[in-house]
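Peer 1: My structure is in final_12.pdb, and what it holds is PDB, C-alpha atoms:
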MODEL        1
ATOM      1  CA  MET Z1297      91.147  98.405 110.988
ATOM      2  CA  PHE Z1298      88.501 100.789 112.360
ATOM      3  CA  LEU Z1299      89.063 102.974 109.306
ATOM      4  CA  ALA Z1300      88.120 100.040 107.068
ATOM      5  CA  ALA Z1301      85.010  99.505 109.192
ATOM      6  CA  ALA Z1302      84.111 103.192 108.845
ATOM      7  CA  ILE Z1303      84.512 103.047 105.053
ATOM      8  CA  ALA Z1304      82.380  99.902 104.885
ATOM      9  CA  LEU Z1305      79.703 101.645 106.972
ATOM     10  CA  PHE Z1306      79.749 104.662 104.651
ATOM     11  CA  ILE Z1307      79.279 102.417 101.626
ATOM     12  CA  SER Z1308      76.344 100.648 103.283
ATOM     13  CA  MET Z1309      74.839 104.034 104.218
ATOM     14  CA  VAL Z1310      74.931 105.138 100.586
ATOM     15  CA  MET Z1311      73.327 101.851  99.491
ATOM     16  CA  VAL Z1312      70.575 102.199 102.109
ATOM     17  CA  LEU Z1313      69.990 105.807 101.040
ATOM     18  CA  THR Z1314      69.632 104.651  97.431
ATOM     19  CA  ARG Z1315      67.022 102.097  98.441
ATOM     20  CA  LEU Z1316      65.220 104.729 100.504
ATOM     21  CA  TYR Z1317      65.158 107.076  97.517
ATOM     22  CA  ALA Z1318      64.146 104.450  94.956
ATOM     23  CA  GLY Z1319      61.487 102.731  97.053
ATOM     24  CA  PRO Z1320      59.319 101.370  95.509
ATOM     25  CA  THR Z1321      57.132 100.044  98.342
ATOM     26  CA  VAL Z1322      56.502 101.529 101.771
ATOM     27  CA  TYR Z1323      58.125  98.553 103.469
ATOM     28  CA  ASP Z1324      61.402  99.030 101.572
ATOM     29  CA  ARG Z1325      61.517 102.515 103.011
ATOM     30  CA  VAL Z1326      60.634 101.521 106.573
ATOM     31  CA  LEU Z1327      63.311  98.834 106.441
ATOM     32  CA  ALA Z1328      65.793 101.311 104.953
ATOM     33  CA  LEU Z1329      65.159 103.803 107.777
ATOM     34  CA  ASN Z1330      65.579 101.044 110.353
ATOM     35  CA  SER Z1331      68.829  99.875 108.735
ATOM     36  CA  PHE Z1332      70.074 103.450 108.628
ATOM     37  CA  GLY Z1333      69.418 103.753 112.367
ATOM     38  CA  THR Z1334      71.414 100.570 112.960
ATOM     39  CA  LEU Z1335      74.237 101.910 110.795
ATOM     40  CA  THR Z1336      74.178 105.108 112.859
ATOM     41  CA  VAL Z1337      74.604 103.079 116.049
ATOM     42  CA  LEU Z1338      77.516 101.158 114.529
ATOM     43  CA  PHE Z1339      79.095 104.327 113.197
ATOM     44  CA  ILE Z1340      78.988 106.061 116.599
ATOM     45  CA  ALA Z1341      80.751 103.027 118.070
ATOM     46  CA  VAL Z1342      83.408 103.009 115.311
ATOM     47  CA  LEU Z1343      83.852 106.783 115.628
ATOM     48  CA  GLY Z1344      84.557 106.392 119.347
ATOM     49  CA  PHE Z1345      87.329 103.878 118.676
ATOM     50  CA  LEU Z1346      88.675 105.930 115.743
ATOM     51  CA  SER Z1347      89.154 108.985 117.949
ATOM     52  CA  GLY Z1348      90.543 106.862 120.777
ATOM     53  CA  ARG Z1349      87.729 107.668 123.212
ATOM     54  CA  PRO Z1350      85.172 104.851 123.284
ATOM     55  CA  ASP Z1351      83.114 106.704 125.935
ATOM     56  CA  PHE Z1352      80.087 107.072 123.679
ATOM     57  CA  LEU Z1353      79.261 103.386 123.473
ATOM     58  CA  ASP Z1354      76.381 103.712 125.942
ATOM     59  CA  ILE Z1355      74.987 106.554 123.822
ATOM     60  CA  ALA Z1356      75.067 104.192 120.838
ATOM     61  CA  ILE Z1357      73.027 101.671 122.816
ATOM     62  CA  LEU Z1358      70.437 104.374 123.559
ATOM     63  CA  TYR Z1359      70.247 105.101 119.819
ATOM     64  CA  ALA Z1360      69.497 101.432 119.233
ATOM     65  CA  LEU Z1361      66.579 101.673 121.698
ATOM     66  CA  ILE Z1362      65.168 104.791 119.992
ATOM     67  CA  ASN Z1363      65.509 103.123 116.607
ATOM     68  CA  PHE Z1364      63.582 100.065 117.780
ATOM     69  CA  VAL Z1365      60.765 102.054 119.373
ATOM     70  CA  GLY Z1366      60.536 104.331 116.334
ATOM     71  CA  THR Z1367      60.203 101.419 113.907
ATOM     72  CA  ILE Z1368      57.527  99.819 116.079
ATOM     73  CA  ALA Z1369      55.653 103.140 116.155
ATOM     74  CA  ILE Z1370      55.800 103.510 112.358
ATOM     75  CA  LEU Z1371      54.658  99.927 111.748
ATOM     76  CA  LYS Z1372      51.880 100.197 114.320
ATOM     77  CA  PHE Z1373      50.814 103.356 112.613
ATOM     78  CA  PHE Z1374      50.554 101.499 109.303
ATOM     79  CA  ARG Z1375      48.590  98.677 110.798
ATOM     80  CA  TYR Z1376      46.039 100.742 112.740
ATOM     81  CA  ARG Z1377      46.310 104.262 111.155
ATOM     82  CA  SER Z1378      46.536 105.611 114.708
ATOM     83  CA  LEU Z1379      48.847 105.539 117.700
ATOM     84  CA  GLY Z1380      46.266 105.837 120.443
ATOM     85  CA  ASP Z1381      43.883 103.336 121.915
ATOM     86  CA  ILE Z1382      43.267 100.626 119.319
ATOM     87  CA  SER Z1383      39.690 100.003 120.435
ATOM     88  CA  GLN Z1384      38.711 103.530 119.346
ATOM     89  CA  VAL Z1385      40.003 103.092 115.815
ATOM     90  CA  PRO Z1386      37.180 102.698 113.288
ATOM     91  CA  ASP Z1387      37.046  99.073 112.247
ATOM     92  CA  LYS Z1388      37.801  99.341 108.530
ATOM     93  CA  LYS Z1389      38.913  95.784 107.856
ATOM     94  CA  GLY Z1390      36.706  93.638 110.007
ATOM     95  CA  HIS Z1391      38.573  90.392 109.418
ATOM     96  CA  ASP Z1392      41.838  91.926 110.590
ATOM     97  CA  GLN Z1393      40.941  92.468 114.213
TER      98      GLN Z1393
ATOM     99  CA  MET T 372      92.624 114.507 108.850
ATOM    100  CA  VAL T 373      90.399 111.463 109.305
ATOM    101  CA  ALA T 374      87.909 113.573 111.261
ATOM    102  CA  THR T 375      87.753 116.126 108.429
ATOM    103  CA  VAL T 376      87.152 113.417 105.810
ATOM    104  CA  ILE T 377      84.383 111.880 107.939
ATOM    105  CA  THR T 378      82.742 115.289 108.408
ATOM    106  CA  VAL T 379      82.899 116.020 104.666
ATOM    107  CA  ILE T 380      81.367 112.616 103.778
ATOM    108  CA  LEU T 381      78.593 113.084 106.357
ATOM    109  CA  PHE T 382      77.832 116.565 105.009
ATOM    110  CA  THR T 383      77.733 115.210 101.441
ATOM    111  CA  MET T 384      75.185 112.586 102.472
ATOM    112  CA  LEU T 385      73.218 115.297 104.324
ATOM    113  CA  VAL T 386      73.039 117.423 101.161
ATOM    114  CA  LEU T 387      72.053 114.388  99.045
ATOM    115  CA  THR T 388      69.263 113.585 101.521
ATOM    116  CA  ALA T 389      68.020 117.169 101.433
ATOM    117  CA  LEU T 390      67.975 117.119  97.609
ATOM    118  CA  ALA T 391      66.066 113.827  97.671
ATOM    119  CA  ILE T 392      63.518 115.368 100.071
ATOM    120  CA  VAL T 393      62.970 118.226  97.619
ATOM    121  CA  ARG T 394      62.664 115.912  94.590
ATOM    122  CA  ILE T 395      60.322 113.222  95.944
ATOM    123  CA  TYR T 396      56.543 113.722  95.811
ATOM    124  CA  SER T 397      55.515 110.751  97.964
ATOM    125  CA  LEU T 398      55.178 112.297 101.408
ATOM    126  CA  PHE T 399      55.784 109.003 103.176
ATOM    127  CA  ALA T 400      59.230 108.729 101.587
ATOM    128  CA  VAL T 401      59.869 112.354 102.561
ATOM    129  CA  VAL T 402      59.096 111.544 106.210
ATOM    130  CA  MET T 403      61.483 108.558 106.128
ATOM    131  CA  LEU T 404      64.158 110.706 104.472
ATOM    132  CA  SER T 405      63.756 113.427 107.103
ATOM    133  CA  GLY T 406      64.361 110.732 109.721
ATOM    134  CA  VAL T 407      67.592 109.859 107.930
ATOM    135  CA  PHE T 408      68.416 113.574 107.731
ATOM    136  CA  SER T 409      68.204 113.980 111.492
ATOM    137  CA  LEU T 410      70.192 110.755 112.096
ATOM    138  CA  LEU T 411      72.916 112.154 109.847
ATOM    139  CA  SER T 412      72.946 115.488 111.673
ATOM    140  CA  ALA T 413      73.096 113.582 114.971
ATOM    141  CA  LEU T 414      76.180 111.787 113.630
ATOM    142  CA  LEU T 415      77.688 115.160 112.743
ATOM    143  CA  PHE T 416      77.036 116.402 116.289
ATOM    144  CA  VAL T 417      78.747 113.291 117.691
ATOM    145  CA  ALA T 418      81.696 113.948 115.385
ATOM    146  CA  LEU T 419      81.834 117.480 116.858
ATOM    147  CA  ASP T 420      81.785 116.049 120.425
ATOM    148  CA  ALA T 421      78.334 117.476 121.197
ATOM    149  CA  VAL T 422      76.892 114.169 122.354
ATOM    150  CA  ASP T 423      73.981 115.629 124.308
ATOM    151  CA  VAL T 424      72.805 117.713 121.344
ATOM    152  CA  ALA T 425      73.179 114.657 119.112
ATOM    153  CA  PHE T 426      71.014 112.621 121.416
ATOM    154  CA  THR T 427      68.290 115.256 121.483
ATOM    155  CA  GLU T 428      68.411 115.462 117.694
ATOM    156  CA  ALA T 429      68.061 111.702 117.308
ATOM    157  CA  ALA T 430      65.253 111.407 119.870
ATOM    158  CA  VAL T 431      63.233 114.367 118.585
ATOM    159  CA  GLY T 432      64.123 114.375 114.892
ATOM    160  CA  ALA T 433      64.252 110.664 114.089
ATOM    161  CA  GLY T 434      61.883 109.479 116.817
ATOM    162  CA  ILE T 435      59.036 111.783 117.763
ATOM    163  CA  SER T 436      58.763 114.042 114.725
ATOM    164  CA  THR T 437      58.723 111.088 112.293
ATOM    165  CA  VAL T 438      55.698 109.697 114.121
ATOM    166  CA  LEU T 439      54.052 113.138 114.331
ATOM    167  CA  MET T 440      54.575 113.645 110.589
ATOM    168  CA  LEU T 441      53.001 110.251 109.909
ATOM    169  CA  GLY T 442      50.033 111.332 112.015
ATOM    170  CA  THR T 443      49.760 114.487 109.912
ATOM    171  CA  ILE T 444      49.868 112.437 106.696
ATOM    172  CA  ALA T 445      47.053 110.242 107.999
ATOM    173  CA  LEU T 446      44.932 113.364 108.578
ATOM    174  CA  THR T 447      45.775 115.070 105.266
ATOM    175  CA  ALA T 448      47.136 113.636 101.986
ATOM    176  CA  ARG T 449      49.762 111.103 100.986
ATOM    177  CA  THR T 450      51.293 112.876  97.998
ATOM    178  CA  GLN T 451      52.470 116.385  97.431
ATOM    179  CA  LYS T 452      50.688 118.436  94.774
ATOM    180  CA  LYS T 453      52.735 119.478  91.762
ATOM    181  CA  ALA T 454      53.817 123.079  91.998
ATOM    182  CA  THR T 455      51.845 125.291  89.658
ATOM    183  CA  ARG T 456      54.283 128.205  89.686
ATOM    184  CA  SER T 457      57.944 128.128  88.752
ATOM    185  CA  GLY T 458      60.361 127.742  91.618
ATOM    186  CA  PHE T 459      62.886 130.217  90.251
ATOM    187  CA  VAL T 460      62.268 133.125  92.636
ATOM    188  CA  PRO T 461      62.261 130.923  95.803
ATOM    189  CA  PHE T 462      65.460 129.275  94.546
ATOM    190  CA  VAL T 463      67.157 132.667  94.135
ATOM    191  CA  VAL T 464      66.027 133.753  97.624
ATOM    192  CA  VAL T 465      67.326 130.528  99.193
ATOM    193  CA  ALA T 466      70.614 130.710  97.261
ATOM    194  CA  VAL T 467      71.245 134.328  98.254
ATOM    195  CA  THR T 468      70.428 133.563 101.911
ATOM    196  CA  GLY T 469      72.746 130.557 101.835
ATOM    197  CA  VAL T 470      75.609 132.532 100.320
ATOM    198  CA  ALA T 471      75.084 135.265 102.939
ATOM    199  CA  LEU T 472      75.196 132.681 105.739
ATOM    200  CA  VAL T 473      78.383 131.106 104.357
ATOM    201  CA  TYR T 474      79.880 134.611 104.036
ATOM    202  CA  GLY T 475      78.936 135.208 107.687
ATOM    203  CA  THR T 476      80.852 132.127 108.831
ATOM    204  CA  LEU T 477      84.090 133.486 107.322
ATOM    205  CA  ASP T 478      84.511 135.867 110.267
ATOM    206  CA  MET T 479      83.850 133.195 112.867
ATOM    207  CA  PRO T 480      86.678 131.776 114.991
ATOM    208  CA  ASN T 481      87.963 128.296 114.200
ATOM    209  CA  PHE T 482      86.319 125.222 115.697
ATOM    210  CA  GLY T 483      87.683 124.622 119.210
ATOM    211  CA  ASP T 484      89.640 127.891 119.290
ATOM    212  CA  PRO T 485      90.337 128.644 123.001
ATOM    213  CA  THR T 486      90.701 132.383 122.322
ATOM    214  CA  ALA T 487      87.272 132.653 120.682
ATOM    215  CA  PRO T 488      85.116 135.411 122.259
ATOM    216  CA  ALA T 489      82.491 132.865 123.273
ATOM    217  CA  SER T 490      84.969 130.969 125.450
ATOM    218  CA  MET T 491      86.575 134.111 126.899
ATOM    219  CA  HIS T 492      83.536 135.854 128.440
ATOM    220  CA  VAL T 493      82.024 133.839 131.320
ATOM    221  CA  ALA T 494      83.201 130.343 130.385
ATOM    222  CA  PRO T 495      86.466 130.460 132.436
ATOM    223  CA  GLU T 496      84.432 131.413 135.521
ATOM    224  CA  TYR T 497      82.104 128.455 134.972
ATOM    225  CA  MET T 498      85.036 126.090 134.392
ATOM    226  CA  THR T 499      86.851 127.077 137.580
ATOM    227  CA  GLY T 500      83.832 127.740 139.793
ATOM    228  CA  SER T 501      81.716 124.701 138.916
ATOM    229  CA  VAL T 502      83.037 122.381 141.606
ATOM    230  CA  LYS T 503      83.352 125.126 144.258
ATOM    231  CA  ASP T 504      79.971 126.851 143.676
ATOM    232  CA  ILE T 505      77.718 123.939 142.799
ATOM    233  CA  ASP T 506      79.696 120.822 143.690
ATOM    234  CA  VAL T 507      79.006 119.155 140.332
ATOM    235  CA  ALA T 508      82.027 117.814 138.464
ATOM    236  CA  ASN T 509      80.341 117.881 135.042
ATOM    237  CA  VAL T 510      80.495 121.484 133.810
ATOM    238  CA  VAL T 511      77.744 121.060 131.199
ATOM    239  CA  THR T 512      75.359 119.768 133.867
ATOM    240  CA  SER T 513      76.205 122.556 136.295
ATOM    241  CA  ILE T 514      75.664 125.230 133.625
ATOM    242  CA  LEU T 515      72.372 123.775 132.376
ATOM    243  CA  ALA T 516      70.876 122.900 135.742
ATOM    244  CA  SER T 517      72.243 125.613 138.006
ATOM    245  CA  TYR T 518      73.947 128.624 136.374
ATOM    246  CA  ARG T 519      71.187 128.764 133.754
ATOM    247  CA  GLY T 520      68.552 126.949 135.799
ATOM    248  CA  TYR T 521      65.692 129.400 135.097
ATOM    249  CA  ASP T 522      66.483 129.329 131.389
ATOM    250  CA  THR T 523      66.283 125.528 131.357
ATOM    251  CA  LEU T 524      63.039 125.627 133.359
ATOM    252  CA  GLY T 525      61.523 128.015 130.799
ATOM    253  CA  GLU T 526      62.627 125.806 127.895
ATOM    254  CA  THR T 527      61.121 122.754 129.545
ATOM    255  CA  ALA T 528      57.841 124.602 130.080
ATOM    256  CA  VAL T 529      57.737 125.628 126.399
ATOM    257  CA  VAL T 530      58.420 122.095 125.160
ATOM    258  CA  PHE T 531      55.887 120.632 127.585
ATOM    259  CA  THR T 532      53.186 123.084 126.464
ATOM    260  CA  ALA T 533      53.908 122.379 122.800
ATOM    261  CA  GLY T 534      53.710 118.633 123.417
ATOM    262  CA  ILE T 535      50.344 118.930 125.172
ATOM    263  CA  GLY T 536      49.046 121.108 122.334
ATOM    264  CA  VAL T 537      50.052 118.585 119.676
ATOM    265  CA  LEU T 538      48.577 115.710 121.679
ATOM    266  CA  VAL T 539      45.257 117.534 122.041
ATOM    267  CA  LEU T 540      45.201 118.373 118.316
ATOM    268  CA  LEU T 541      46.003 114.816 117.201
ATOM    269  CA  SER T 542      43.802 113.006 119.727
ATOM    270  CA  GLY T 543      40.637 114.196 117.985
ATOM    271  CA  LEU T 544      39.174 115.545 121.213
ATOM    272  CA  GLY T 545      37.014 118.077 119.377
ATOM    273  CA  ARG T 546      35.786 115.474 116.905
ATOM    274  CA  ARG T 547      34.766 113.086 119.661
ATOM    275  CA  ARG T 548      32.918 115.808 121.558
ATOM    276  CA  ARG T 549      30.998 116.782 118.418
ATOM    277  CA  GLU T 550      29.959 113.177 117.904
ATOM    278  CA  ASP T 551      28.723 113.029 121.502
ATOM    279  CA  GLU T 552      26.630 116.177 120.971
ATOM    280  CA  GLU T 553      25.116 114.679 117.835
ATOM    281  CA  GLU T 554      24.160 111.573 119.764
ATOM    282  CA  ASP T 555      22.520 113.690 122.488
ATOM    283  CA  ALA T 556      20.492 115.708 119.975
TER     284      ALA T 556
ENDMDL
END
Represent the structure of the file as structure tokens.
Peer 2:
Amino acid sequence: MFLAAAIALFISMVMVLTRLYAGPTVYDRVLALNSFGTLTVLFIAVLGFLSGRPDFLDIAILYALINFVGTIAILKFFRYRSLGDISQVPDKKGHDQ
Amino acid sequence: MVATVITVILFTMLVLTALAIVRIYSLFAVVMLSGVFSLLSALLFVALDAVDVAFTEAAVGAGISTVLMLGTIALTARTQKKATRSGFVPFVVVAVTGVALVYGTLDMPNFGDPTAPASMHVAPEYMTGSVKDIDVANVVTSILASYRGYDTLGETAVVFTAGIGVLVLLSGLGRRRREDEEEDA
């Protein structure tokens, strides 16, 4: 049962990697990285049950948090070209802000 | 058996990711792929039961360094320049180094071997003395925070200094000060 889940996760990982390699737009790649992070979380959970020691589930939850914050950081970076204080960013597209 | 298959599949994906990083010229895709690379190595560390190392790898490799690399791209260029020279000599150097490293692993003890020299020297002392000396049940914690406390303190200082340096470089402190001077003049 968990073996089937692991195989399914591997197949999805390969598909996500293909999308990440092929692109073509930036957003495909951001989404692919985010999906890969989610697959990592799921795989850690499945790995814990496969080896009979589901002690790492809380670690998997922490991975989910990192994944979320990382995606937000990347997207914010794309929107504002900076991670710092937004008010100091040169106003390139006036109608955006 | 299952663990070996999982490790082999993860390593295959790791190699494919590394090849993709070498092939792609769009630096943004390279940054995303390096995030995937460090997630995959974190998975490998989890498969080897090194959960703490895996967590550091995921936090630093997939989290912080992806964002730092994006910051670098914003300050420099978005695509890699085509190489003007042939990559034959670097390829030979890398291949020879890789073969030498693989040859070096042949003499190493098996994974989890209790009679390996590394687990014969001071490790038994740590394992038996952890609760008595330090009163911490988790041996990894007692080694990191007490037996090797100064070492950990030094590492933390190095990482902290590096972080401050990167923050100062990326915050544009120098640029802002120059602008202020121009306004004064």
Peer 1: Hey, what comes out of the ChimeraX specification (/T :<8) & /Z on this file? Could you write it as an mmCIF file with C-alpha atoms, in the frame of the given file?
Peer 2:
data_model
loop_
_atom_site.group_PDB
_atom_site.id
_atom_site.type_symbol
_atom_site.label_atom_id
_atom_site.label_comp_id
_atom_site.auth_asym_id
_atom_site.auth_seq_id
_atom_site.Cartn_x
_atom_site.Cartn_y
_atom_site.Cartn_z
ATOM 1 C CA VAL Z 1310 74.931 105.138 100.586
ATOM 2 C CA LEU Z 1313 69.990 105.807 101.040
ATOM 3 C CA LEU Z 1316 65.220 104.729 100.504
ATOM 4 C CA TYR Z 1317 65.158 107.076 97.517
ATOM 5 C CA GLY Z 1319 61.487 102.731 97.053
ATOM 6 C CA VAL Z 1322 56.502 101.529 101.771
ATOM 7 C CA ARG Z 1325 61.517 102.515 103.011
ATOM 8 C CA VAL Z 1326 60.634 101.521 106.573
ATOM 9 C CA LEU Z 1329 65.159 103.803 107.777
ATOM 10 C CA PHE Z 1332 70.074 103.450 108.628
ATOM 11 C CA GLY Z 1333 69.418 103.753 112.367
ATOM 12 C CA THR Z 1336 74.178 105.108 112.859
ATOM 13 C CA ILE Z 1340 78.988 106.061 116.599
ATOM 14 C CA LEU Z 1343 83.852 106.783 115.628
ATOM 15 C CA PHE Z 1352 80.087 107.072 123.679
ATOM 16 C CA ILE Z 1355 74.987 106.554 123.822
ATOM 17 C CA TYR Z 1359 70.247 105.101 119.819
ATOM 18 C CA ILE Z 1362 65.168 104.791 119.992
ATOM 19 C CA ASN Z 1363 65.509 103.123 116.607
ATOM 20 C CA VAL Z 1365 60.765 102.054 119.373
ATOM 21 C CA GLY Z 1366 60.536 104.331 116.334
ATOM 22 C CA ALA Z 1369 55.653 103.140 116.155
ATOM 23 C CA ILE Z 1370 55.800 103.510 112.358
ATOM 24 C CA PHE Z 1373 50.814 103.356 112.613
ATOM 25 C CA ARG Z 1377 46.310 104.262 111.155
ATOM 26 C CA SER Z 1378 46.536 105.611 114.708
ATOM 27 C CA GLY Z 1380 46.266 105.837 120.443
#
Peer 1: For the structure provided, state which residues fall under the PyMOL selection byres ((chain Z and resi 1338) around 12), and present them as a PyMOL selection string.
Peer 2: (chain Z and resi 1298+1301-1306+1308-1309+1331-1337+1339-1345+1352-1360) or (chain T and resi 414)
Peer 1: So how many Å separate CA of Gly520 (chain T) and CA of Phe416 (chain T), to one decimal?
Peer 2: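 That distance, rounded to one decimal, is 23.7 Å.
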Peer 1: Can you work out the spacing between CA of Ser412 (chain T) and CA of Gly1348 (chain Z) in Å, to one decimal?
Peer 2: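 For CA of Ser412 (chain T) relative to CA of Gly1348 (chain Z), the distance reads 21.6 Å.
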Peer 1: Give me the residues within 12 Å of region 505-510 of chain T as number ranges by chain, counting all atoms listed in the file and dropping any in the same chain fewer than 5 places off.
Peer 2: T: 494-500, 515-520
Peer 1: Nearest to Ala421 (chain T): which of T:Val511, T:Val467, T:Val539, T:Ala489 is it, counting only C-alpha atoms?
Peer 2: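 Closest residue, counting only C-alpha atoms: T:Val511.
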Peer 1: Could you jot down the CA of Ala1318 (chain Z) to CA of Phe382 (chain T) separation for me, Å, one decimal place?
Peer 2: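 These atoms are spaced 20.9 Å apart.
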Peer 1: Would you give the centre and edge lengths, in Å to one decimal, of a box along x, y and z around the listed atoms of region 411-419 of chain T, with 4 Å added to each side, as JSON?
Peer 2:
{"center_x": 77.4, "center_y": 114.6, "center_z": 113.8, "size_x": 16.9, "size_y": 13.7, "size_z": 15.8}
